[in-house]
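File shown: protein-v7.cif. Contents: mmCIF, C-alpha atoms.
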```cif
data_data
loop_
_atom_site.label_atom_id
_atom_site.label_comp_id
_atom_site.auth_asym_id
_atom_site.auth_seq_id
_atom_site.Cartn_x
_atom_site.Cartn_y
_atom_site.Cartn_z
CA MET A 148 -14.76 18.55 -12.33
CA THR A 149 -17.82 17.30 -10.44
CA ASP A 150 -16.05 14.02 -9.65
CA PRO A 151 -12.32 14.51 -8.94
CA TRP A 152 -11.65 10.80 -9.51
CA VAL A 153 -12.90 10.88 -13.11
CA ALA A 154 -10.25 12.01 -15.58
CA LEU A 155 -12.44 13.38 -18.36
CA GLU A 156 -16.14 14.10 -18.07
CA PRO A 157 -18.52 13.54 -21.01
CA GLY A 158 -18.56 16.50 -23.37
CA ALA A 159 -15.01 17.63 -22.57
CA ASP A 160 -12.60 18.13 -25.48
CA PRO A 161 -9.81 15.55 -25.05
CA ALA A 162 -7.37 17.45 -27.28
CA GLU A 163 -7.81 20.70 -25.37
CA ARG A 164 -7.55 18.87 -22.08
CA VAL A 165 -4.27 17.27 -23.18
CA ARG A 166 -2.82 20.65 -24.17
CA ALA A 167 -3.77 22.17 -20.83
CA LEU A 168 -2.31 19.23 -18.91
CA ARG A 169 0.96 19.38 -20.82
CA ARG A 170 1.33 23.05 -19.96
CA ALA A 171 0.57 22.27 -16.31
CA HIS A 172 3.04 19.38 -16.27
CA GLU A 173 5.76 21.59 -17.72
CA THR A 174 5.04 24.23 -15.09
CA PHE A 175 5.24 21.71 -12.27
CA THR A 176 8.44 20.05 -13.47
CA THR A 177 10.03 23.47 -14.03
CA VAL A 178 8.96 25.59 -11.06
CA GLY A 179 7.28 23.07 -8.73
CA THR A 180 3.77 24.56 -8.64
CA VAL A 181 0.63 22.81 -9.87
CA PRO A 182 -1.67 25.12 -11.86
CA ARG A 183 -5.22 24.46 -12.96
CA PRO A 184 -6.79 22.36 -14.46
CA VAL A 185 -4.95 19.54 -12.69
CA ARG A 186 -7.23 17.42 -10.48
CA SER A 187 -6.36 17.34 -6.79
CA VAL A 188 -5.69 13.58 -6.83
CA VAL A 189 -3.19 14.08 -9.66
CA ALA A 190 -1.59 17.15 -8.09
CA GLU A 191 -1.01 15.26 -4.85
CA SER A 192 0.40 12.32 -6.78
CA TRP A 193 2.78 14.60 -8.72
CA ARG A 194 4.07 16.00 -5.45
CA ARG A 195 4.60 12.51 -4.02
CA SER A 196 6.38 11.52 -7.23
CA ALA A 197 8.71 14.50 -7.03
CA ARG A 198 9.47 13.84 -3.36
CA ALA A 199 10.35 10.26 -4.27
CA GLY A 200 12.95 11.53 -6.74
CA VAL A 201 11.11 10.43 -9.88
CA GLY A 202 12.22 12.34 -12.98
CA PRO A 203 9.80 13.16 -15.83
CA ASP A 204 12.13 11.47 -18.33
CA GLY A 205 12.57 8.27 -16.33
CA THR A 206 11.39 4.77 -17.10
CA ALA A 207 10.27 1.68 -15.21
CA SER A 208 12.82 -0.93 -14.20
CA VAL A 209 12.19 -4.65 -14.62
CA GLU A 210 12.86 -6.40 -11.33
CA LEU A 211 11.56 -9.93 -11.91
CA THR A 212 12.14 -12.06 -15.00
CA ASP A 213 11.68 -15.64 -16.16
CA GLY A 214 11.66 -18.21 -13.36
CA ASP A 215 11.64 -15.67 -10.54
CA LEU A 216 8.59 -13.95 -12.02
CA GLY A 217 6.79 -17.23 -12.58
CA ALA A 218 7.40 -18.44 -9.04
CA TYR A 219 6.31 -15.12 -7.53
CA ARG A 220 3.13 -14.98 -9.60
CA ALA A 221 2.22 -18.59 -8.81
CA GLU A 222 2.30 -17.87 -5.06
CA HIS A 223 0.55 -14.51 -5.21
CA PRO A 224 -3.08 -14.42 -3.94
CA LEU A 225 -4.25 -12.66 -7.11
CA ALA A 226 -3.26 -15.70 -9.18
CA ARG A 227 -6.45 -17.30 -7.89
CA VAL A 228 -8.63 -14.66 -9.58
CA MET A 229 -6.71 -14.24 -12.84
CA PRO A 230 -9.25 -16.49 -14.65
CA LEU A 231 -11.97 -14.12 -13.44
CA PHE A 232 -10.03 -11.06 -14.64
CA ARG A 233 -9.58 -12.66 -18.06
CA GLU A 234 -13.24 -13.63 -18.27
CA LEU A 235 -14.50 -10.15 -17.36
CA MET A 236 -11.89 -8.00 -19.08
CA GLY A 237 -10.10 -10.11 -21.71
CA THR A 238 -12.51 -9.55 -24.59
CA PHE A 239 -12.92 -5.87 -23.71
CA ALA A 240 -9.13 -5.40 -23.75
CA ALA A 241 -8.58 -7.31 -27.00
CA ASP A 242 -11.48 -5.75 -28.93
CA GLY A 243 -10.73 -2.24 -27.71
CA GLU A 244 -6.98 -2.50 -28.35
CA HIS A 245 -6.39 -2.15 -24.61
CA LEU A 246 -4.33 -4.03 -22.04
CA LEU A 247 -5.38 -5.85 -18.89
CA ALA A 248 -2.72 -5.48 -16.19
CA VAL A 249 -2.51 -6.71 -12.61
CA CYS A 250 0.06 -5.47 -10.07
CA ASP A 251 0.97 -6.45 -6.52
CA ALA A 252 0.72 -4.25 -3.44
CA HIS A 253 4.07 -2.64 -4.26
CA GLY A 254 3.07 -1.67 -7.80
CA ARG A 255 5.04 -4.47 -9.45
CA LEU A 256 3.28 -5.73 -12.60
CA LEU A 257 2.43 -9.43 -12.45
CA TRP A 258 0.41 -9.87 -15.65
CA VAL A 259 0.03 -7.70 -18.75
CA GLU A 260 -2.29 -9.16 -21.40
CA GLY A 261 -4.42 -7.94 -24.28
CA HIS A 262 -4.18 -6.62 -27.82
CA ALA A 263 -0.92 -7.76 -29.43
CA ALA A 264 -0.02 -4.46 -31.14
CA THR A 265 -0.82 -2.51 -27.97
CA ARG A 266 1.43 -4.85 -25.97
CA ARG A 267 4.31 -4.20 -28.36
CA ARG A 268 3.85 -0.45 -27.85
CA ALA A 269 3.68 -0.89 -24.09
CA ASP A 270 6.85 -3.00 -24.12
CA ARG A 271 8.80 0.06 -25.28
CA MET A 272 8.07 1.83 -21.99
CA ASN A 273 8.63 -1.30 -19.87
CA PHE A 274 4.94 -1.77 -19.11
CA VAL A 275 5.68 -5.47 -18.85
CA PRO A 276 5.37 -8.23 -16.23
CA GLY A 277 8.05 -7.92 -13.57
CA ALA A 278 8.44 -4.14 -13.91
CA ARG A 279 7.80 -1.85 -10.95
CA TRP A 280 5.11 0.74 -11.62
CA SER A 281 4.65 2.12 -8.11
CA GLU A 282 4.37 5.90 -7.71
CA THR A 283 7.75 6.05 -5.98
CA ALA A 284 9.35 4.29 -8.97
CA VAL A 285 7.67 5.84 -12.03
CA GLY A 286 5.39 8.55 -10.69
CA THR A 287 1.69 9.03 -11.33
CA ASN A 288 0.02 6.10 -13.11
CA ALA A 289 -3.26 4.29 -12.51
CA PRO A 290 -2.09 0.98 -10.98
CA GLY A 291 0.63 2.61 -8.87
CA THR A 292 -1.58 5.47 -7.72
CA ALA A 293 -4.55 3.18 -7.01
CA VAL A 294 -2.33 1.19 -4.65
CA ALA A 295 -0.87 4.37 -3.11
CA VAL A 296 -4.24 5.98 -2.31
CA ASP A 297 -6.20 2.71 -1.92
CA ARG A 298 -9.08 3.64 -4.20
CA PRO A 299 -10.02 3.44 -7.90
CA VAL A 300 -8.47 6.13 -10.07
CA GLN A 301 -8.14 7.16 -13.72
CA VAL A 302 -5.01 8.76 -15.13
CA PHE A 303 -5.42 10.53 -18.46
CA ALA A 304 -2.66 11.39 -20.92
CA ALA A 305 -0.37 14.12 -19.54
CA GLU A 306 -1.58 13.46 -16.01
CA HIS A 307 1.09 10.74 -16.05
CA PHE A 308 4.25 12.00 -14.40
CA ILE A 309 6.70 10.41 -16.84
CA ARG A 310 6.52 11.92 -20.31
CA ARG A 311 6.88 8.68 -22.28
CA VAL A 312 3.71 7.38 -20.60
CA GLN A 313 1.63 10.46 -21.47
CA PRO A 314 0.20 9.06 -24.74
CA TRP A 315 -1.66 6.50 -22.63
CA THR A 316 -4.79 6.52 -20.48
CA CYS A 317 -5.51 3.98 -17.76
CA ALA A 318 -7.98 3.14 -15.01
CA ALA A 319 -7.23 0.92 -12.02
CA ALA A 320 -8.81 -0.23 -8.77
CA PRO A 321 -7.22 -1.83 -5.71
CA VAL A 322 -8.09 -5.41 -4.76
CA HIS A 323 -8.25 -6.28 -1.05
CA ASP A 324 -7.91 -9.45 0.95
CA PRO A 325 -11.53 -10.09 2.00
CA ARG A 326 -10.45 -11.36 5.43
CA THR A 327 -7.91 -8.76 6.47
CA GLY A 328 -8.76 -5.78 4.29
CA ARG A 329 -5.14 -5.47 3.15
CA VAL A 330 -4.41 -4.26 -0.36
CA LEU A 331 -3.24 -7.24 -2.43
CA GLY A 332 -2.60 -5.21 -5.57
CA ALA A 333 -4.64 -3.57 -8.33
CA VAL A 334 -6.35 -4.46 -11.56
CA ASP A 335 -5.85 -2.03 -14.44
CA ILE A 336 -7.06 -1.35 -17.96
CA THR A 337 -4.62 0.63 -20.12
CA GLY A 338 -5.06 2.02 -23.63
CA GLY A 339 -6.16 5.12 -25.48
CA ASP A 340 -8.13 8.27 -24.67
CA GLY A 341 -11.44 6.41 -24.76
CA LEU A 342 -10.66 4.95 -21.36
CA ALA A 343 -11.01 8.43 -19.81
CA HIS A 344 -14.80 7.92 -19.83
CA PRO A 345 -16.38 7.56 -16.35
CA HIS A 346 -17.70 4.12 -17.36
CA SER A 347 -14.19 2.67 -17.51
CA LEU A 348 -13.57 3.67 -13.89
CA GLY A 349 -16.83 2.06 -12.80
CA PHE A 350 -16.03 -1.04 -14.86
CA VAL A 351 -12.62 -1.64 -13.34
CA GLN A 352 -13.98 -0.98 -9.86
CA ALA A 353 -16.72 -3.57 -10.43
CA VAL A 354 -14.11 -6.09 -11.59
CA ALA A 355 -12.07 -5.49 -8.43
CA ARG A 356 -15.13 -6.03 -6.24
CA ALA A 357 -15.96 -9.22 -8.13
CA ALA A 358 -12.42 -10.46 -7.49
CA GLU A 359 -12.76 -9.74 -3.77
CA ALA A 360 -16.05 -11.65 -3.70
CA GLN A 361 -14.38 -14.57 -5.47
CA LEU A 362 -11.51 -14.56 -2.98
CA ALA A 363 -14.02 -14.56 -0.13
CA LEU A 364 -15.70 -17.65 -1.60
CA LEU A 365 -12.36 -19.40 -2.00
CA ALA A 366 -11.37 -18.67 1.63
CA PRO A 367 -14.51 -17.73 3.58
CA PRO A 368 -14.03 -15.84 6.84
CA GLY A 369 -14.62 -17.91 9.91
CA ALA A 370 -14.04 -21.23 8.14
CA ALA A 371 -13.89 -24.31 10.33
CA GLY A 372 -10.70 -24.57 12.32
CA GLU A 373 -9.91 -20.87 12.06
CA GLY A 374 -9.77 -18.70 15.15
CA PRO A 375 -10.17 -14.94 15.44
CA LEU A 376 -7.74 -12.97 13.27
CA LEU A 377 -6.61 -9.45 14.17
CA SER A 378 -5.17 -7.22 11.45
CA ALA A 379 -3.39 -4.16 12.79
CA LEU A 380 -0.37 -3.57 10.53
CA GLY A 381 -0.45 -0.56 8.24
CA ARG A 382 -3.77 0.72 9.55
CA ASP A 383 -4.86 3.07 12.34
CA GLU A 384 -8.03 1.10 13.03
CA ALA A 385 -7.54 -2.63 13.36
CA GLU A 386 -10.00 -5.19 12.07
CA LEU A 387 -11.03 -8.39 13.83
CA ALA A 388 -12.35 -11.34 11.82
CA VAL A 389 -14.33 -13.61 14.16
CA ASP A 390 -17.29 -15.97 13.71
CA GLY A 391 -17.86 -14.86 10.14
CA ARG A 392 -17.90 -11.18 11.12
CA ARG A 393 -15.41 -8.45 10.32
CA ILE A 394 -15.36 -5.88 13.10
CA ARG A 395 -13.66 -2.55 12.54
CA LEU A 396 -12.26 -1.25 15.81
CA SER A 397 -11.62 2.25 17.07
CA ARG A 398 -7.99 3.19 17.67
CA ARG A 399 -8.27 2.66 21.44
CA HIS A 400 -10.05 -0.67 21.04
CA SER A 401 -7.40 -1.65 18.48
CA GLU A 402 -4.68 -0.95 21.03
CA ILE A 403 -6.44 -2.95 23.71
CA LEU A 404 -6.95 -6.01 21.49
CA VAL A 405 -3.34 -5.95 20.24
CA LEU A 406 -2.09 -5.94 23.82
CA LEU A 407 -4.50 -8.59 25.08
CA SER A 408 -3.74 -10.85 22.11
CA ARG A 409 -0.09 -10.80 23.19
CA HIS A 410 -0.92 -11.57 26.82
CA PRO A 411 -3.19 -14.63 26.91
CA GLU A 412 -2.66 -14.77 30.67
CA GLY A 413 -4.39 -11.39 30.92
CA LEU A 414 -3.50 -7.92 32.16
CA SER A 415 -4.68 -6.09 35.25
CA GLY A 416 -6.36 -2.71 35.01
CA ASP A 417 -3.21 -0.98 36.24
CA GLU A 418 -1.07 -2.79 33.66
CA LEU A 419 -3.42 -1.77 30.86
CA LEU A 420 -3.48 1.84 32.09
CA CYS A 421 0.33 2.04 31.96
CA ALA A 422 0.44 0.36 28.56
CA LEU A 423 -2.22 2.56 26.96
CA TYR A 424 -1.89 6.04 28.47
CA ALA A 425 1.19 8.23 28.73
CA ASP A 426 -0.94 10.68 30.72
CA GLU A 427 -0.89 9.44 34.32
CA SER A 428 -4.00 11.50 35.15
CA VAL A 429 -6.23 9.08 33.19
CA THR A 430 -8.37 7.22 35.70
CA PRO A 431 -9.35 3.53 35.87
CA VAL A 432 -12.95 4.65 35.28
CA THR A 433 -12.01 5.80 31.77
CA LEU A 434 -10.40 2.44 30.99
CA ARG A 435 -13.35 0.47 32.37
CA ALA A 436 -15.71 2.47 30.16
CA GLU A 437 -13.59 1.65 27.08
CA LEU A 438 -13.54 -2.03 27.98
CA ALA A 439 -17.30 -2.07 28.50
CA ARG A 440 -17.84 -0.58 25.04
CA LEU A 441 -15.39 -3.09 23.55
CA ARG A 442 -17.18 -6.02 25.24
CA ARG A 443 -20.50 -4.91 23.73
CA LEU A 444 -18.89 -4.59 20.30
CA LEU A 445 -17.28 -8.04 20.39
CA GLY A 446 -20.34 -9.78 21.75
CA PRO A 447 -20.62 -12.09 24.73
CA GLY A 448 -17.88 -14.42 25.77
CA LEU A 449 -14.71 -13.12 24.08
CA LEU A 450 -13.52 -10.53 26.61
CA ALA A 451 -13.24 -11.57 30.25
CA SER A 452 -12.12 -9.59 33.30
CA ARG A 453 -10.11 -10.00 36.52
CA PRO A 454 -7.67 -9.94 34.84
CA TYR A 455 -8.73 -8.56 31.47
CA ARG A 456 -8.12 -11.31 28.91
CA LEU A 457 -9.39 -12.86 25.70
CA THR A 458 -11.13 -16.19 26.11
CA ALA A 459 -9.98 -17.44 22.69
CA ALA A 460 -6.54 -17.40 21.12
CA VAL A 461 -6.43 -14.45 18.71
CA GLU A 462 -3.91 -14.63 15.90
CA SER A 463 -2.58 -11.24 14.75
CA ASP A 464 -0.58 -10.17 11.73
CA VAL A 465 2.03 -8.86 14.18
CA THR A 466 2.70 -12.34 15.56
CA VAL A 467 2.78 -13.76 12.02
CA VAL A 468 5.63 -11.42 11.09
CA GLU A 469 7.45 -12.09 14.36
CA ARG A 470 7.15 -15.86 13.98
CA ARG A 471 8.43 -15.82 10.41
CA LEU A 472 11.38 -13.64 11.40
CA GLU A 473 12.25 -15.94 14.29
CA THR A 474 12.26 -18.99 12.00
CA GLY A 475 14.38 -17.31 9.33
CA GLY A 476 11.56 -16.77 6.84
CA LEU A 477 12.56 -13.24 5.89
CA THR A 478 10.77 -13.19 2.52
CA ALA A 479 7.57 -14.48 4.11
CA ALA A 480 7.91 -11.98 6.98
CA ALA A 481 8.37 -9.07 4.57
CA LYS A 482 5.37 -10.21 2.54
CA ALA A 483 3.20 -10.33 5.68
CA TYR A 484 4.32 -6.87 6.85
CA ALA A 485 1.59 -4.51 5.64
CA GLY A 486 3.07 -1.44 7.34
CA PRO A 487 3.77 -0.01 10.80
CA LEU A 488 1.60 -1.26 13.65
CA LEU A 489 -1.29 1.17 14.31
CA PRO A 490 0.87 4.02 12.95
CA GLY A 491 -1.16 6.82 14.54
CA SER A 492 -1.14 5.31 18.03
CA GLN A 493 0.82 6.99 20.80
CA ALA A 494 0.07 4.36 23.45
CA PRO A 495 3.46 3.67 25.08
CA ALA A 496 3.31 -0.12 24.72
CA ILE A 497 2.14 0.09 21.09
CA VAL A 498 4.90 2.57 20.20
CA ARG A 499 7.52 0.21 21.66
CA LEU A 500 6.09 -2.79 19.83
CA ARG A 501 5.78 -0.87 16.55
CA GLU A 502 9.40 0.29 16.65
CA ARG A 503 10.69 -3.10 17.76
CA LEU A 504 8.91 -4.99 14.97
CA ALA A 505 9.84 -2.55 12.21
CA GLY A 506 13.41 -2.31 13.49
CA ALA A 507 13.85 -6.08 13.56
CA LEU A 508 12.50 -6.49 10.04
CA ARG A 509 14.49 -3.66 8.43
CA THR A 510 17.68 -4.78 10.21
CA ALA A 511 17.18 -8.27 8.79
CA LEU A 512 16.52 -6.85 5.31
CA ILE A 513 19.69 -4.75 5.39
CA ALA A 514 21.76 -7.69 6.59
CA HIS A 515 20.27 -10.09 4.02
CA ARG A 516 21.03 -7.72 1.09
CA ASP A 517 18.30 -9.11 -1.16
CA PRO A 518 17.70 -6.35 -3.74
CA ASP A 519 14.03 -7.20 -4.30
CA LEU A 520 13.18 -7.22 -0.59
CA LEU A 521 15.10 -3.98 -0.04
CA ALA A 522 13.33 -2.39 -3.00
CA ASP A 523 9.94 -3.45 -1.64
CA TRP A 524 10.72 -1.71 1.67
CA ALA A 525 12.29 1.38 0.09
CA HIS A 526 9.36 1.93 -2.29
CA ALA A 527 6.71 1.36 0.39
CA PRO A 528 5.23 4.49 2.08
CA TRP A 529 7.00 3.68 5.35
CA GLY A 530 10.38 3.19 3.67
CA GLU A 531 10.55 5.89 1.04
CA GLU A 532 12.61 8.15 3.35
CA ASP A 533 14.56 5.37 5.11
CA ILE A 534 18.09 6.39 4.16
CA GLU A 535 19.73 3.28 5.64
CA VAL A 536 17.62 1.01 3.46
CA TRP A 537 18.20 3.18 0.38
CA ARG A 538 21.96 2.93 1.00
CA ALA A 539 21.71 -0.84 1.30
CA LEU A 540 19.66 -0.95 -1.90
CA ALA A 541 22.17 1.26 -3.74
CA ALA A 542 24.96 -1.11 -2.72
CA VAL A 543 23.29 -4.14 -4.31
CA ARG A 544 21.27 -2.48 -7.10
CA PRO A 545 23.12 0.72 -8.10
CA THR A 546 20.73 1.80 -10.84
CA ALA A 547 20.47 5.46 -11.78
CA PRO A 548 17.03 5.98 -10.13
CA VAL A 549 18.22 4.38 -6.89
CA ARG A 550 21.41 6.45 -6.78
CA ALA A 551 19.45 9.60 -7.56
CA ARG A 552 16.94 8.94 -4.78
CA LEU A 553 19.75 8.24 -2.30
CA ALA A 554 21.57 11.43 -3.26
CA ALA A 555 18.36 13.43 -2.86
CA LEU A 556 17.76 11.97 0.60
CA GLU A 557 21.32 12.69 1.72
CA ALA A 558 21.07 16.25 0.45
CA GLU A 559 17.69 16.73 2.14
CA LEU A 560 19.03 15.45 5.45
CA GLY A 561 22.33 17.31 5.13
CA VAL A 562 24.21 14.06 5.68
CA PRO A 563 27.53 13.42 3.89
CA ALA A 564 27.46 10.35 1.67
CA GLY A 565 28.06 7.21 3.68
CA ARG A 566 27.62 8.83 7.10
CA ALA A 567 24.72 7.75 9.27
CA PRO A 568 22.35 10.55 10.36
CA ALA A 569 21.69 11.04 14.05
CA ARG A 570 18.24 9.54 13.49
CA THR A 571 17.20 8.03 10.18
CA ARG A 572 14.16 9.24 8.36
CA GLY A 573 12.88 5.69 8.38
CA ALA A 574 12.85 5.55 12.18
CA THR A 575 11.06 8.90 12.36
CA TYR A 576 8.52 7.88 9.74
CA LEU A 577 7.46 4.88 11.76
CA GLN A 578 5.80 7.34 14.13
CA ARG A 579 3.59 8.71 11.36
CA PRO A 580 0.67 7.17 9.49
CA PRO A 581 1.47 6.05 5.91
CA VAL A 582 0.53 8.52 3.23
#
```

Would you give me this structure, written as structure tokens?
Amino acid sequence: MTDPWVALEPGADPAERVRALRRAHETFTTVGTVPRPVRSVVAESWRRSARAGVGPDGTASVELTDGDLGAYRAEHPLARVMPLFRELMGTFAADGEHLLAVCDAHGRLLWVEGHAATRRRADRMNFVPGARWSETAVGTNAPGTAVAVDRPVQVFAAEHFIRRVQPWTCAAAPVHDPRTGRVLGAVDITGGDGLAHPHSLGFVQAVARAAEAQLALLAPPGAAGEGPLLSALGRDEAELAVDGRRIRLSRRHSEILVLLSRHPEGLSGDELLCALYADESVTPVTLRAELARLRRLLGPGLLASRPYRLTAAVESDVTVVERRLETGGLTAAAKAYAGPLLPGSQAPAIVRLRERLAGALRTALIAHRDPDLLADWAHAPWGEEDIEVWRALAAVRPTAPVRARLAALEAELGVPAGRAPARTRGATYLQRPPV
């Protein structure tokens, strides 16, 4: 394959490709090795699916129905671009006997529309609104994998991890918040083998970019009354939206801005040194050089010195989560939590803040016992090995896939059922970047 993200190149024999993929899938599910001709993106997805405890004969579970689904969809940011999705993809889906689907950032389907007969077929595998189609729930599939790897992807026939989905082909692309860069969900086209053409991948990617442009017009960065916004959750390099610009920061600059945004009174050079560097041999000269580079990047006027401080109030996604937790808005806090704070950072103050924020949120989720919120955490990259959360989820939603995943985690950790490990996998995982 010249392009590993394209499922089937022009001129390839679809029938032969399907036969080869079925043999490869059988080999993987039997002995755990991935033979050729499986694409690397699919092989990696199969391995993630297996680690998540997904079985090849499983099925998707429906988590939201009726009023709950309607309320959730109405409040979701992608509701604002559904008319655009329908305009760009509706006729293509209906005429081609395909489906248009849109999922949230956790792989939960929000809308599934298109050809009536194709919808009836899809209903039989629970490809329906309200069902979770994340990789950790149903294995390799275009919307779930697009969200997991944060890029457009095609999944052809037996590349799907679950066997009952293997008659289908799909292409999906993630859609991002134009201000923060966070993944809001994915837009997907699902149907027959014809969708394995490279053009379908380019088409769905173009639709996703059009949606992002529409969202930017609906809520332009730097609108009147808005101050600088710092996004640092779930990403190693933070992004600052200020004065109509979106500035991507290095890891060290990200750490500095997170800390200064939390200390409007400012920090001395010595305080910043202790907060940023575990190595006491790092000199003030090194820090001053970093701050000089950061000042040039931000432009004049935002970063002052003696003490080092920001001259404008900078809102961060960290403080949004904290504020919602403090006021009892657990659902809103969980929705705003895009992942661990700067997950690759080892700066002492960032590590403490990262663990404190994640610990406070997951403790609240476990205590609240809401199955949907627990499932969102458990199926997210940072929660897929969090045994405490999986136990809490199994207590309130004891479905077969949940019980199987919990049993696999307990066996992997060597922990008797019901006994807390010395250190949970979730707490350890917070130190690592999301997959």

With a distance cut-off of 9 Å and only C-alpha atoms, select the neighbouring residues of Gly237 of chain A, excluding the residue or stretch itself and same-chain residues fewer than 2 positions from it, and output the selection as a PyMOL selection string. chain A and resi 232-235+239-242+246-247+260-261

I'd like the interatomic distance between atom CA of Leu414 of chain A and atom CA of Arg456 of chain A, to a tenth of an Å.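 Rounded to one decimal, the two atoms are 6.6 Å apart.
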
Neighbours of Val498 of chain A within 12 Å (all atoms listed in the file; same-chain residues fewer than 2 positions away dropped), as a list in words?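 Close residues of Val498 of chain A: Glu402, Val405, Leu406, Ala422, Leu423, Tyr424, Ala425, Pro487, Leu488, Leu489, Pro490, Gly491, Ser492, Gln493, Ala494, Pro495, Ala496, Leu500, Arg501, Glu502, Arg503, Leu504, Ala505, Gly506, Ala574, Thr575, Leu577, Gln578 and Arg579 of chain A.
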
Store the residues picked out above in a file with C-alpha atoms, as an mmCIF file, in the coordinates of the input.
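Now in result_16.cif:
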```cif
data_model
loop_
_atom_site.group_PDB
_atom_site.id
_atom_site.type_symbol
_atom_site.label_atom_id
_atom_site.label_comp_id
_atom_site.auth_asym_id
_atom_site.auth_seq_id
_atom_site.Cartn_x
_atom_site.Cartn_y
_atom_site.Cartn_z
ATOM 1 C CA GLU A 402 -4.680 -0.950 21.030
ATOM 2 C CA VAL A 405 -3.340 -5.950 20.240
ATOM 3 C CA LEU A 406 -2.090 -5.940 23.820
ATOM 4 C CA ALA A 422 0.440 0.360 28.560
ATOM 5 C CA LEU A 423 -2.220 2.560 26.960
ATOM 6 C CA TYR A 424 -1.890 6.040 28.470
ATOM 7 C CA ALA A 425 1.190 8.230 28.730
ATOM 8 C CA PRO A 487 3.770 -0.010 10.800
ATOM 9 C CA LEU A 488 1.600 -1.260 13.650
ATOM 10 C CA LEU A 489 -1.290 1.170 14.310
ATOM 11 C CA PRO A 490 0.870 4.020 12.950
ATOM 12 C CA GLY A 491 -1.160 6.820 14.540
ATOM 13 C CA SER A 492 -1.140 5.310 18.030
ATOM 14 C CA GLN A 493 0.820 6.990 20.800
ATOM 15 C CA ALA A 494 0.070 4.360 23.450
ATOM 16 C CA PRO A 495 3.460 3.670 25.080
ATOM 17 C CA ALA A 496 3.310 -0.120 24.720
ATOM 18 C CA LEU A 500 6.090 -2.790 19.830
ATOM 19 C CA ARG A 501 5.780 -0.870 16.550
ATOM 20 C CA GLU A 502 9.400 0.290 16.650
ATOM 21 C CA ARG A 503 10.690 -3.100 17.760
ATOM 22 C CA LEU A 504 8.910 -4.990 14.970
ATOM 23 C CA ALA A 505 9.840 -2.550 12.210
ATOM 24 C CA GLY A 506 13.410 -2.310 13.490
ATOM 25 C CA ALA A 574 12.850 5.550 12.180
ATOM 26 C CA THR A 575 11.060 8.900 12.360
ATOM 27 C CA LEU A 577 7.460 4.880 11.760
ATOM 28 C CA GLN A 578 5.800 7.340 14.130
ATOM 29 C CA ARG A 579 3.590 8.710 11.360
#
```

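The residues returned by the PyMOL selection byres ((chain A and resi 317-321) around 7) on the shown structure are Ala289, Pro290, Ala293, Val294, Asp297, Arg298, Pro299, Val300, Gln301, Val302, Phe303, Trp315, Thr316, Val322, His323, Val330, Gly332, Ala333, Val334, Asp335, Ile336, Thr337, Gly338, Leu342, Ser347, Leu348, Val351, Gln352 and Ala355 of chain A.
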
What would the selection look like, as a ChimeraX atom specification, if the PyMOL selection byres ((chain A and resi 280-282) around 10) were run on the coordinates I just shared? /A:192-193,195-197,199,201,206-209,250-256,273-275,277-279,283-295,308,526-528

Generate the output file for the selected residues, C-alpha atoms, as a JSON list (two decimals), keeping the file's coordinate frame.
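Generated output (result24.json):
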```json
[["chain", "number", "residue", "atom", "x", "y", "z"],
["A", 192, "SER", "CA", 0.40, 12.32, -6.78],
["A", 193, "TRP", "CA", 2.78, 14.60, -8.72],
["A", 195, "ARG", "CA", 4.60, 12.51, -4.02],
["A", 196, "SER", "CA", 6.38, 11.52, -7.23],
["A", 197, "ALA", "CA", 8.71, 14.50, -7.03],
["A", 199, "ALA", "CA", 10.35, 10.26, -4.27],
["A", 201, "VAL", "CA", 11.11, 10.43, -9.88],
["A", 206, "THR", "CA", 11.39, 4.77, -17.10],
["A", 207, "ALA", "CA", 10.27, 1.68, -15.21],
["A", 208, "SER", "CA", 12.82, -0.93, -14.20],
["A", 209, "VAL", "CA", 12.19, -4.65, -14.62],
["A", 250, "CYS", "CA", 0.06, -5.47, -10.07],
["A", 251, "ASP", "CA", 0.97, -6.45, -6.52],
["A", 252, "ALA", "CA", 0.72, -4.25, -3.44],
["A", 253, "HIS", "CA", 4.07, -2.64, -4.26],
["A", 254, "GLY", "CA", 3.07, -1.67, -7.80],
["A", 255, "ARG", "CA", 5.04, -4.47, -9.45],
["A", 256, "LEU", "CA", 3.28, -5.73, -12.60],
["A", 273, "ASN", "CA", 8.63, -1.30, -19.87],
["A", 274, "PHE", "CA", 4.94, -1.77, -19.11],
["A", 275, "VAL", "CA", 5.68, -5.47, -18.85],
["A", 277, "GLY", "CA", 8.05, -7.92, -13.57],
["A", 278, "ALA", "CA", 8.44, -4.14, -13.91],
["A", 279, "ARG", "CA", 7.80, -1.85, -10.95],
["A", 283, "THR", "CA", 7.75, 6.05, -5.98],
["A", 284, "ALA", "CA", 9.35, 4.29, -8.97],
["A", 285, "VAL", "CA", 7.67, 5.84, -12.03],
["A", 286, "GLY", "CA", 5.39, 8.55, -10.69],
["A", 287, "THR", "CA", 1.69, 9.03, -11.33],
["A", 288, "ASN", "CA", 0.02, 6.10, -13.11],
["A", 289, "ALA", "CA", -3.26, 4.29, -12.51],
["A", 290, "PRO", "CA", -2.09, 0.98, -10.98],
["A", 291, "GLY", "CA", 0.63, 2.61, -8.87],
["A", 292, "THR", "CA", -1.58, 5.47, -7.72],
["A", 293, "ALA", "CA", -4.55, 3.18, -7.01],
["A", 294, "VAL", "CA", -2.33, 1.19, -4.65],
["A", 295, "ALA", "CA", -0.87, 4.37, -3.11],
["A", 308, "PHE", "CA", 4.25, 12.00, -14.40],
["A", 526, "HIS", "CA", 9.36, 1.93, -2.29],
["A", 527, "ALA", "CA", 6.71, 1.36, 0.39],
["A", 528, "PRO", "CA", 5.23, 4.49, 2.08]]
```
